[in-house]
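Undergrad: Structure file final_32.csv (CSV, C-alpha atoms and all ligand atoms) right here:
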```
chain,number,residue,atom,x,y,z
I,1,MET,CA,-19.5,-38.7,-20.4
I,2,LYS,CA,-21.1,-38.9,-23.8
I,3,TYR,CA,-22.8,-36.2,-25.9
I,4,ASP,CA,-26.3,-37.4,-26.7
I,5,GLY,CA,-27.3,-34.3,-28.7
I,6,ASN,CA,-29.5,-33.1,-25.9
I,7,LEU,CA,-27.5,-30.5,-24.2
I,8,GLY,CA,-26.0,-27.0,-24.4
I,9,TYR,CA,-27.1,-23.5,-24.0
I,10,LYS,CA,-29.3,-22.1,-26.7
I,11,GLY,CA,-28.5,-25.1,-28.9
I,12,ALA,CA,-24.7,-25.0,-28.5
I,13,VAL,CA,-22.5,-27.2,-26.3
I,14,THR,CA,-20.8,-24.9,-23.8
I,15,PRO,CA,-17.0,-24.6,-23.6
I,16,LEU,CA,-17.1,-26.3,-20.2
I,17,GLN,CA,-19.2,-29.2,-21.5
I,18,ARG,CA,-16.8,-29.6,-24.4
I,19,ILE,CA,-14.0,-30.1,-21.9
I,20,MET,CA,-16.0,-32.5,-19.8
I,21,LEU,CA,-16.8,-34.5,-23.0
I,22,ALA,CA,-13.1,-34.5,-24.1
I,23,ARG,CA,-11.6,-35.7,-20.8
I,24,ARG,CA,-10.9,-39.3,-20.3
I,25,SER,CA,-8.4,-41.2,-18.0
I,26,VAL,CA,-5.0,-41.3,-19.7
I,27,ARG,CA,-2.6,-44.2,-18.7
I,28,ARG,CA,-0.1,-43.9,-21.6
I,29,TYR,CA,2.1,-40.8,-21.8
I,30,GLU,CA,5.0,-39.4,-23.7
I,31,GLU,CA,7.9,-37.7,-22.0
I,32,GLY,CA,7.7,-34.0,-21.0
I,33,GLY,CA,4.9,-31.6,-21.8
I,34,VAL,CA,4.4,-30.1,-18.4
I,35,MET,CA,5.7,-26.5,-18.0
I,36,ALA,CA,5.9,-24.4,-14.9
I,37,ASP,CA,3.1,-22.2,-16.4
I,38,HIS,CA,0.8,-25.2,-16.5
I,39,VAL,CA,1.5,-26.0,-12.9
I,40,LYS,CA,0.8,-22.4,-12.0
I,41,ALA,CA,-2.5,-22.4,-13.9
I,42,LEU,CA,-3.6,-25.7,-12.2
I,43,LEU,CA,-2.8,-24.4,-8.7
I,44,GLU,CA,-4.6,-21.2,-9.5
I,45,THR,CA,-7.6,-23.2,-10.7
I,46,HIS,CA,-7.7,-25.1,-7.4
I,47,GLY,CA,-7.4,-21.9,-5.4
I,48,ALA,CA,-10.1,-20.1,-7.4
I,49,PHE,CA,-12.5,-23.0,-7.3
I,50,CYS,CA,-12.1,-23.4,-3.5
I,51,ARG,CA,-12.5,-19.6,-2.9
I,52,LYS,CA,-15.6,-19.5,-5.1
I,53,MET,CA,-17.2,-22.5,-3.4
I,54,GLY,CA,-16.1,-21.6,0.1
I,55,PHE,CA,-14.1,-24.8,0.5
I,56,SER,CA,-11.3,-24.6,3.1
I,57,ALA,CA,-10.0,-28.2,3.6
I,58,SER,CA,-8.7,-29.1,0.1
I,59,ARG,CA,-5.0,-29.1,-0.7
I,60,ILE,CA,-3.2,-30.0,-3.9
I,61,TYR,CA,0.5,-30.7,-4.4
I,62,ILE,CA,1.9,-30.8,-8.0
I,63,GLU,CA,5.4,-32.2,-8.5
I,64,HIS,CA,6.8,-31.8,-12.0
I,65,GLU,CA,10.6,-31.6,-11.3
I,66,LYS,CA,12.0,-35.1,-11.9
I,67,ARG,CA,13.5,-35.6,-8.4
I,68,ASP,CA,10.4,-34.6,-6.6
I,69,ARG,CA,8.1,-36.4,-9.0
I,70,ASP,CA,10.1,-39.6,-8.7
I,71,ARG,CA,10.1,-39.4,-4.9
I,72,VAL,CA,6.3,-39.1,-4.7
I,73,MET,CA,5.8,-41.7,-7.4
I,74,ALA,CA,8.0,-44.2,-5.6
I,75,ALA,CA,6.1,-43.6,-2.4
I,76,ALA,CA,2.7,-44.0,-4.2
I,77,CYS,CA,3.8,-47.4,-5.6
I,78,SER,CA,5.5,-48.7,-2.5
I,79,GLY,CA,4.3,-51.6,-0.3
I,80,LEU,CA,1.3,-53.8,-0.9
I,81,ALA,CA,-1.1,-50.8,-1.0
I,82,GLY,CA,0.8,-49.3,-3.9
I,83,LYS,CA,0.7,-52.4,-6.1
I,84,GLY,CA,-2.8,-51.8,-7.6
I,85,ASN,CA,-1.6,-50.1,-10.7
I,86,PRO,CA,1.0,-52.2,-12.6
I,87,TRP,CA,1.3,-49.4,-15.3
I,88,LEU,CA,2.1,-46.7,-12.8
I,89,PRO,CA,5.7,-47.4,-11.8
I,90,ILE,CA,6.8,-47.3,-15.4
I,91,THR,CA,4.6,-44.4,-16.6
I,92,LYS,CA,6.3,-41.6,-18.6
I,93,ALA,CA,3.9,-39.0,-17.1
I,94,GLN,CA,6.2,-36.1,-16.2
I,95,ALA,CA,4.3,-35.0,-13.1
I,96,VAL,CA,2.1,-36.2,-10.3
I,97,MET,CA,-0.7,-34.3,-8.5
I,98,VAL,CA,-1.6,-35.3,-4.9
I,99,LEU,CA,-5.0,-34.4,-3.5
I,100,ALA,CA,-5.0,-34.0,0.3
I,101,CYS,CA,-7.5,-32.9,2.9
I,102,GLU,CA,-6.9,-30.9,6.1
I,103,THR,CA,-9.5,-32.4,8.4
I,104,ALA,CA,-9.2,-29.8,11.2
I,105,SER,CA,-10.8,-27.1,8.9
I,106,ALA,CA,-13.3,-29.6,7.4
I,107,PRO,CA,-16.9,-28.5,7.6
I,108,VAL,CA,-19.4,-30.9,9.1
I,109,ILE,CA,-23.0,-31.1,7.8
I,110,GLY,CA,-25.3,-33.2,10.0
I,111,ASP,CA,-23.0,-36.1,11.1
I,112,ARG,CA,-20.9,-36.1,7.9
I,113,LYS,CA,-17.6,-34.4,7.2
I,114,VAL,CA,-18.0,-33.1,3.7
I,115,ALA,CA,-14.4,-32.2,3.3
I,116,LEU,CA,-13.7,-35.3,1.2
I,117,ALA,CA,-16.4,-34.6,-1.3
I,118,GLN,CA,-15.3,-30.9,-1.5
I,119,ALA,CA,-11.7,-31.9,-2.1
I,120,ALA,CA,-12.8,-34.3,-4.8
I,121,MET,CA,-14.8,-31.6,-6.5
I,122,ALA,CA,-11.8,-29.3,-6.4
I,123,MET,CA,-9.6,-32.0,-7.9
I,124,GLU,CA,-12.1,-32.6,-10.7
I,125,ALA,CA,-11.9,-28.8,-11.5
I,126,VAL,CA,-8.1,-29.2,-11.7
I,127,LEU,CA,-8.4,-32.3,-14.0
I,128,LEU,CA,-10.7,-30.4,-16.3
I,129,LYS,CA,-8.3,-27.5,-16.5
I,130,ALA,CA,-5.5,-29.9,-17.3
I,131,THR,CA,-7.6,-31.2,-20.2
I,132,GLU,CA,-8.1,-27.7,-21.4
I,133,LEU,CA,-4.3,-27.3,-21.4
I,134,GLY,CA,-3.9,-30.4,-23.5
I,135,LEU,CA,-2.6,-32.5,-20.6
I,136,GLY,CA,-3.6,-36.1,-19.6
I,137,THR,CA,-4.7,-37.1,-16.1
I,138,CYS,CA,-5.9,-40.2,-14.3
I,139,TRP,CA,-7.5,-40.4,-10.9
I,140,LEU,CA,-5.6,-42.8,-8.7
I,141,ALA,CA,-6.8,-44.2,-5.4
I,142,ALA,CA,-4.9,-47.6,-5.5
I,143,ILE,CA,-1.8,-46.0,-4.0
I,144,ASN,CA,0.1,-46.0,-0.7
I,145,HIS,CA,-1.5,-43.0,0.9
I,146,ALA,CA,0.6,-43.1,4.1
I,147,ALA,CA,3.9,-43.3,2.2
I,148,ILE,CA,2.8,-40.2,0.1
I,149,GLU,CA,2.0,-38.3,3.3
I,150,LYS,CA,5.5,-39.0,4.5
I,151,ALA,CA,7.2,-38.2,1.2
I,152,LEU,CA,5.4,-34.8,1.0
I,153,MET,CA,5.9,-34.2,4.7
I,154,LEU,CA,2.2,-33.3,5.1
I,155,PRO,CA,1.4,-31.6,8.4
I,156,ALA,CA,-0.4,-33.6,11.1
I,157,GLY,CA,-4.1,-33.7,10.4
I,158,THR,CA,-3.6,-33.5,6.6
I,159,TYR,CA,-4.3,-36.7,4.7
I,160,ALA,CA,-3.6,-37.8,1.1
I,161,ILE,CA,-6.8,-38.8,-0.5
I,162,ALA,CA,-5.9,-39.5,-4.1
I,163,MET,CA,-3.4,-38.8,-6.8
I,164,SER,CA,-3.3,-38.2,-10.6
I,165,THR,CA,-0.7,-38.5,-13.2
I,166,LEU,CA,-0.1,-35.4,-15.3
I,167,GLY,CA,1.6,-35.4,-18.6
I,168,LYS,CA,1.5,-35.4,-22.4
I,169,PRO,CA,-1.0,-38.0,-23.6
I,170,ALA,CA,0.6,-40.6,-26.1
I,171,GLN,CA,-0.9,-40.5,-29.6
I,172,GLY,CA,-3.4,-43.2,-30.4
I,173,ILE,CA,-4.7,-45.9,-28.1
I,174,SER,CA,-3.7,-49.6,-28.7
I,175,ILE,CA,-6.5,-51.9,-27.6
I,176,LEU,CA,-3.9,-54.2,-26.0
I,177,SER,CA,-2.7,-51.5,-23.6
I,178,TRP,CA,-4.1,-50.6,-20.1
I,179,ASP,CA,-5.4,-47.4,-21.7
I,180,GLY,CA,-7.1,-49.3,-24.5
I,181,MET,CA,-8.7,-51.9,-22.3
I,182,THR,CA,-10.0,-49.4,-19.7
I,183,TYR,CA,-11.2,-47.1,-22.4
I,184,HIS,CA,-13.2,-49.8,-24.1
I,185,LEU,CA,-14.5,-51.4,-20.8
I,186,LEU,CA,-15.1,-48.1,-18.8
I,187,SER,CA,-14.7,-44.8,-20.6
I,188,LYS,CA,-16.9,-45.7,-23.6
I,189,LYS,CA,-19.7,-46.7,-21.2
I,190,ARG,CA,-20.1,-43.3,-19.6
I,191,LYS,CA,-23.5,-41.9,-19.0
I,192,SER,CA,-24.5,-39.0,-21.2
I,193,LEU,CA,-24.0,-35.4,-19.8
I,194,SER,CA,-27.8,-34.8,-19.7
I,195,GLN,CA,-28.2,-37.9,-17.4
I,196,ILE,CA,-25.8,-36.5,-14.8
I,197,LEU,CA,-26.1,-32.6,-15.0
I,198,PHE,CA,-28.6,-30.8,-12.9
I,199,ASN,CA,-29.4,-27.2,-12.0
I,200,ASP,CA,-28.8,-26.9,-8.3
I,201,ARG,CA,-31.3,-29.6,-7.4
I,202,LEU,CA,-31.4,-33.3,-8.4
I,203,ASP,CA,-35.0,-33.0,-9.6
I,204,ASN,CA,-34.1,-30.1,-11.9
I,205,GLY,CA,-32.5,-31.7,-15.0
I,206,TYR,CA,-30.1,-29.5,-17.0
I,207,ASN,CA,-32.2,-28.8,-20.0
I,208,ARG,CA,-35.6,-28.6,-18.4
I,301,LIG,C1,-11.8,-41.9,-7.0
I,301,LIG,C2,-11.2,-42.6,-8.2
I,301,LIG,C3,-10.1,-43.5,-8.0
I,301,LIG,C4,-9.6,-44.1,-9.2
I,301,LIG,N1,-8.5,-44.9,-9.0
I,301,LIG,C5,-7.9,-45.4,-10.1
I,301,LIG,C6,-6.7,-46.2,-10.0
I,301,LIG,O1,-6.2,-46.4,-8.9
I,301,LIG,N2,-6.1,-46.7,-11.1
I,301,LIG,C7,-6.7,-46.4,-12.4
I,301,LIG,O2,-6.1,-46.9,-13.3
I,301,LIG,N3,-7.8,-45.7,-12.5
I,301,LIG,C8,-8.4,-45.2,-11.4
I,301,LIG,N4,-9.5,-44.4,-11.6
I,301,LIG,C9,-10.0,-44.1,-12.9
I,301,LIG,C10,-11.2,-44.9,-13.3
I,301,LIG,O3,-10.8,-46.2,-13.6
I,301,LIG,C11,-11.7,-44.2,-14.5
I,301,LIG,O4,-12.4,-43.0,-14.1
I,301,LIG,C12,-12.6,-45.1,-15.3
I,301,LIG,O5,-11.8,-45.9,-16.0
I,301,LIG,C13,-13.5,-44.3,-16.3
I,301,LIG,O6,-12.7,-43.7,-17.3
I,301,LIG,P1,-12.8,-42.2,-17.7
I,301,LIG,O7,-12.2,-41.4,-16.5
I,301,LIG,O8,-11.9,-42.1,-18.9
I,301,LIG,O9,-14.2,-41.9,-17.9
I,301,LIG,C14,-10.1,-43.8,-10.4
I,301,LIG,C15,-11.2,-43.0,-10.6
I,301,LIG,C16,-11.8,-42.4,-9.5
I,301,LIG,C17,-12.9,-41.4,-9.7
```
Mind converting the file's structure to structure tokens?
Ligand SMILES: Cc1cc2nc3c(=O)[nH]c(=O)nc-3n(C[C@H](O)[C@H](O)[C@H](O)COP(=O)(O)O)c2cc1C

TA:
Amino acid sequence: MKYDGNLGYKGAVTPLQRIMLARRSVRRYEEGGVMADHVKALLETHGAFCRKMGFSASRIYIEHEKRDRDRVMAAACSGLAGKGNPWLPITKAQAVMVLACETASAPVIGDRKVALAQAAMAMEAVLLKATELGLGTCWLAAINHAAIEKALMLPAGTYAIAMSTLGKPAQGISILSWDGMTYHLLSKKRKSLSQILFNDRLDNGYNR
């Protein structure tokens, strides 16, 4: 998202908007940086968001201890399904977060299960909290979902949806890196916040 000078509350960009503007996908990390307190804060964010929104099906698993992190990462990158992210097996990101969905408790609206959308919203709240804590994240869907479910021993009916790296962002972005290329090709072309924020209804633009 970009700031187009057309947002804010009474002329100021809100703290949440500031975090939304600051967040970008990070694919180059330094070692370390993820403390137990960070993990606690992220899990609390997920719980508080789901409680507030009345979401029951979203689950999040954060692995920051090396052995557990490596096991989930190896599963994510295994098989043909796990080969979509050449940078992932060698990332220095200290931790991984897995988003899962418990379909038995998933609400149905009309003929659609909305659990997936709800879980994605909950994950985005966690990613914004990570940004606030100074940590880098990157949504990952090109992963081996079935292998992750096995590695985490998810109960029957609970499915891995997506993953994110979590770690200390490396300083500076070289244009010749995955991070640099995706930043220039994708992140820089974001829509502005005022194009995508609405008050409750899609016909009610944020600043109207
Ligand atoms: C559902 C979803 C899945 C994604 N999967 C991947 C992925 O497998 N690998 C990757 O490098 N980026 C992945 N991304 C990140 C997008 O490429 C990223 O959002 C895009 O580059 C825009 O960059 P930004 O997040 O910095 O704005 C995914 C994003 C979303 C929302």

Undergrad: What's the separation between atom CA of Ala22 of chain I and atom CA of Ser192 of chain I, in Å to one decimal place?

TA: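 Atom-to-atom, atom CA of Ala22 of chain I to atom CA of Ser192 of chain I, that is 12.6 Å.
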
Undergrad: Find the distance between atom CA of Gln171 of chain I and atom C10 of ligand LIG 301 (chain I) and write it in Å to one decimal.

TA: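 Interatomic distance here is 19.8 Å.
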
Undergrad: How close does chain I get to ligand LIG 301 (chain I)? List, as a tab-separated table, each residue of chain I within 9 Å, its nearest atom pair and the distance in Å to one decimal, counting all atoms listed in the file.

TA:
```
residue	atom	partner	partner_atom	distance
I:Met1	CA	I:LIG301	O9	6.7
I:Arg23	CA	I:LIG301	O8	6.7
I:Arg24	CA	I:LIG301	O8	3.3
I:Ser25	CA	I:LIG301	O8	3.7
I:Val26	CA	I:LIG301	O8	7.0
I:Arg27	CA	I:LIG301	O2	7.0
I:Gly84	CA	I:LIG301	O1	6.5
I:Asn85	CA	I:LIG301	N2	5.7
I:Pro86	CA	I:LIG301	O2	8.9
I:Trp87	CA	I:LIG301	O2	8.1
I:Leu88	CA	I:LIG301	O2	8.2
I:Ala120	CA	I:LIG301	C1	8.0
I:Glu124	CA	I:LIG301	C17	8.9
I:Thr137	CA	I:LIG301	O7	8.7
I:Cys138	CA	I:LIG301	C9	5.8
I:Trp139	CA	I:LIG301	C14	4.3
I:Leu140	CA	I:LIG301	N1	3.6
I:Ala141	CA	I:LIG301	N1	4.0
I:Ala142	CA	I:LIG301	O1	3.8
I:Ile143	CA	I:LIG301	O1	6.6
I:Ile161	CA	I:LIG301	C1	8.8
I:Ala162	CA	I:LIG301	C3	7.0
I:Met163	CA	I:LIG301	N1	8.2
I:Ser164	CA	I:LIG301	C5	8.6
I:Trp178	CA	I:LIG301	O2	8.0
I:Asp179	CA	I:LIG301	O2	8.4
I:Thr182	CA	I:LIG301	O5	5.4
I:Tyr183	CA	I:LIG301	O8	6.1
I:Leu185	CA	I:LIG301	O5	7.8
I:Leu186	CA	I:LIG301	C13	4.8
I:Ser187	CA	I:LIG301	O9	4.0
I:Lys188	CA	I:LIG301	O9	7.4
I:Lys189	CA	I:LIG301	O9	8.0
I:Arg190	CA	I:LIG301	O9	6.3
```

Undergrad: For Ala151 of chain I, list every protein, DNA or RNA residue within 8 Å, evaluated using all atoms listed in the file, and leave out those in the same chain fewer than 5 positions away; present the list as a list in words.

TA: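 Answer for this query is Arg71, Val72 and Ala75 of chain I.
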
Undergrad: Quick one, how far is atom CA of Thr103 of chain I from atom CA of Leu116 of chain I?

TA: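 Spanning atom CA of Thr103 of chain I to atom CA of Leu116 of chain I is a straight-line distance of 8.8 Å.
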
Undergrad: Which one is closest to Ala130 of chain I: I:Leu197, I:Ala95, I:Cys101, I:Ala115? Count only C-alpha atoms.

TA: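 Using only C-alpha atoms, Ala130 of chain I sits closest to I:Ala95.
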
Undergrad: I'd like the neighbourhood of Pro169 of chain I as JSON, numbers by chain, where a residue qualifies if any of its atoms comes within 10 Å (using all atoms listed in the file), though same-chain residues fewer than 4 positions away should be ignored.

TA: {"I": [25, 26, 27, 28, 29, 30, 31, 32, 33, 92, 93, 134, 135, 136, 137, 173]}

Undergrad: May I ask which of the residues I:Ala76, I:Ala160, I:Leu193, I:Ala122 is the closest one to Arg51 of chain I, counting only C-alpha atoms?

TA: I:Ala122

Undergrad: May I ask which of the residues I:Met97, I:Cys50, I:Leu128, I:Leu42 is the closest one to Arg69 of chain I, counting only C-alpha atoms?

TA: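 Closest residue, counting only C-alpha atoms: I:Met97.
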
Undergrad: Can you work out which one of I:Leu127, I:Leu80, I:Ala57, I:Ile19 has the shortest atom-to-atom distance to Ala106 of chain I, counting all atoms listed in the file?

TA: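 So, comparing all the options, the nearest one is I:Ala57.
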
Undergrad: Of the candidates I:Ala100, I:Ala125, I:Ala146, I:Ala170, which one gets nearest to Gly47 of chain I if we count all atoms listed in the file?

TA: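 Looking only at the distances to Gly47 of chain I, the closest residue turns out to be I:Ala125.
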
Undergrad: Which of these, I:Thr165, I:Gln94, I:Asn144, I:Asn204, has the shortest distance to Val34 of chain I once you count all atoms listed in the file?

TA: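 That would be I:Gln94, the residue with the smallest distance to Val34 of chain I.
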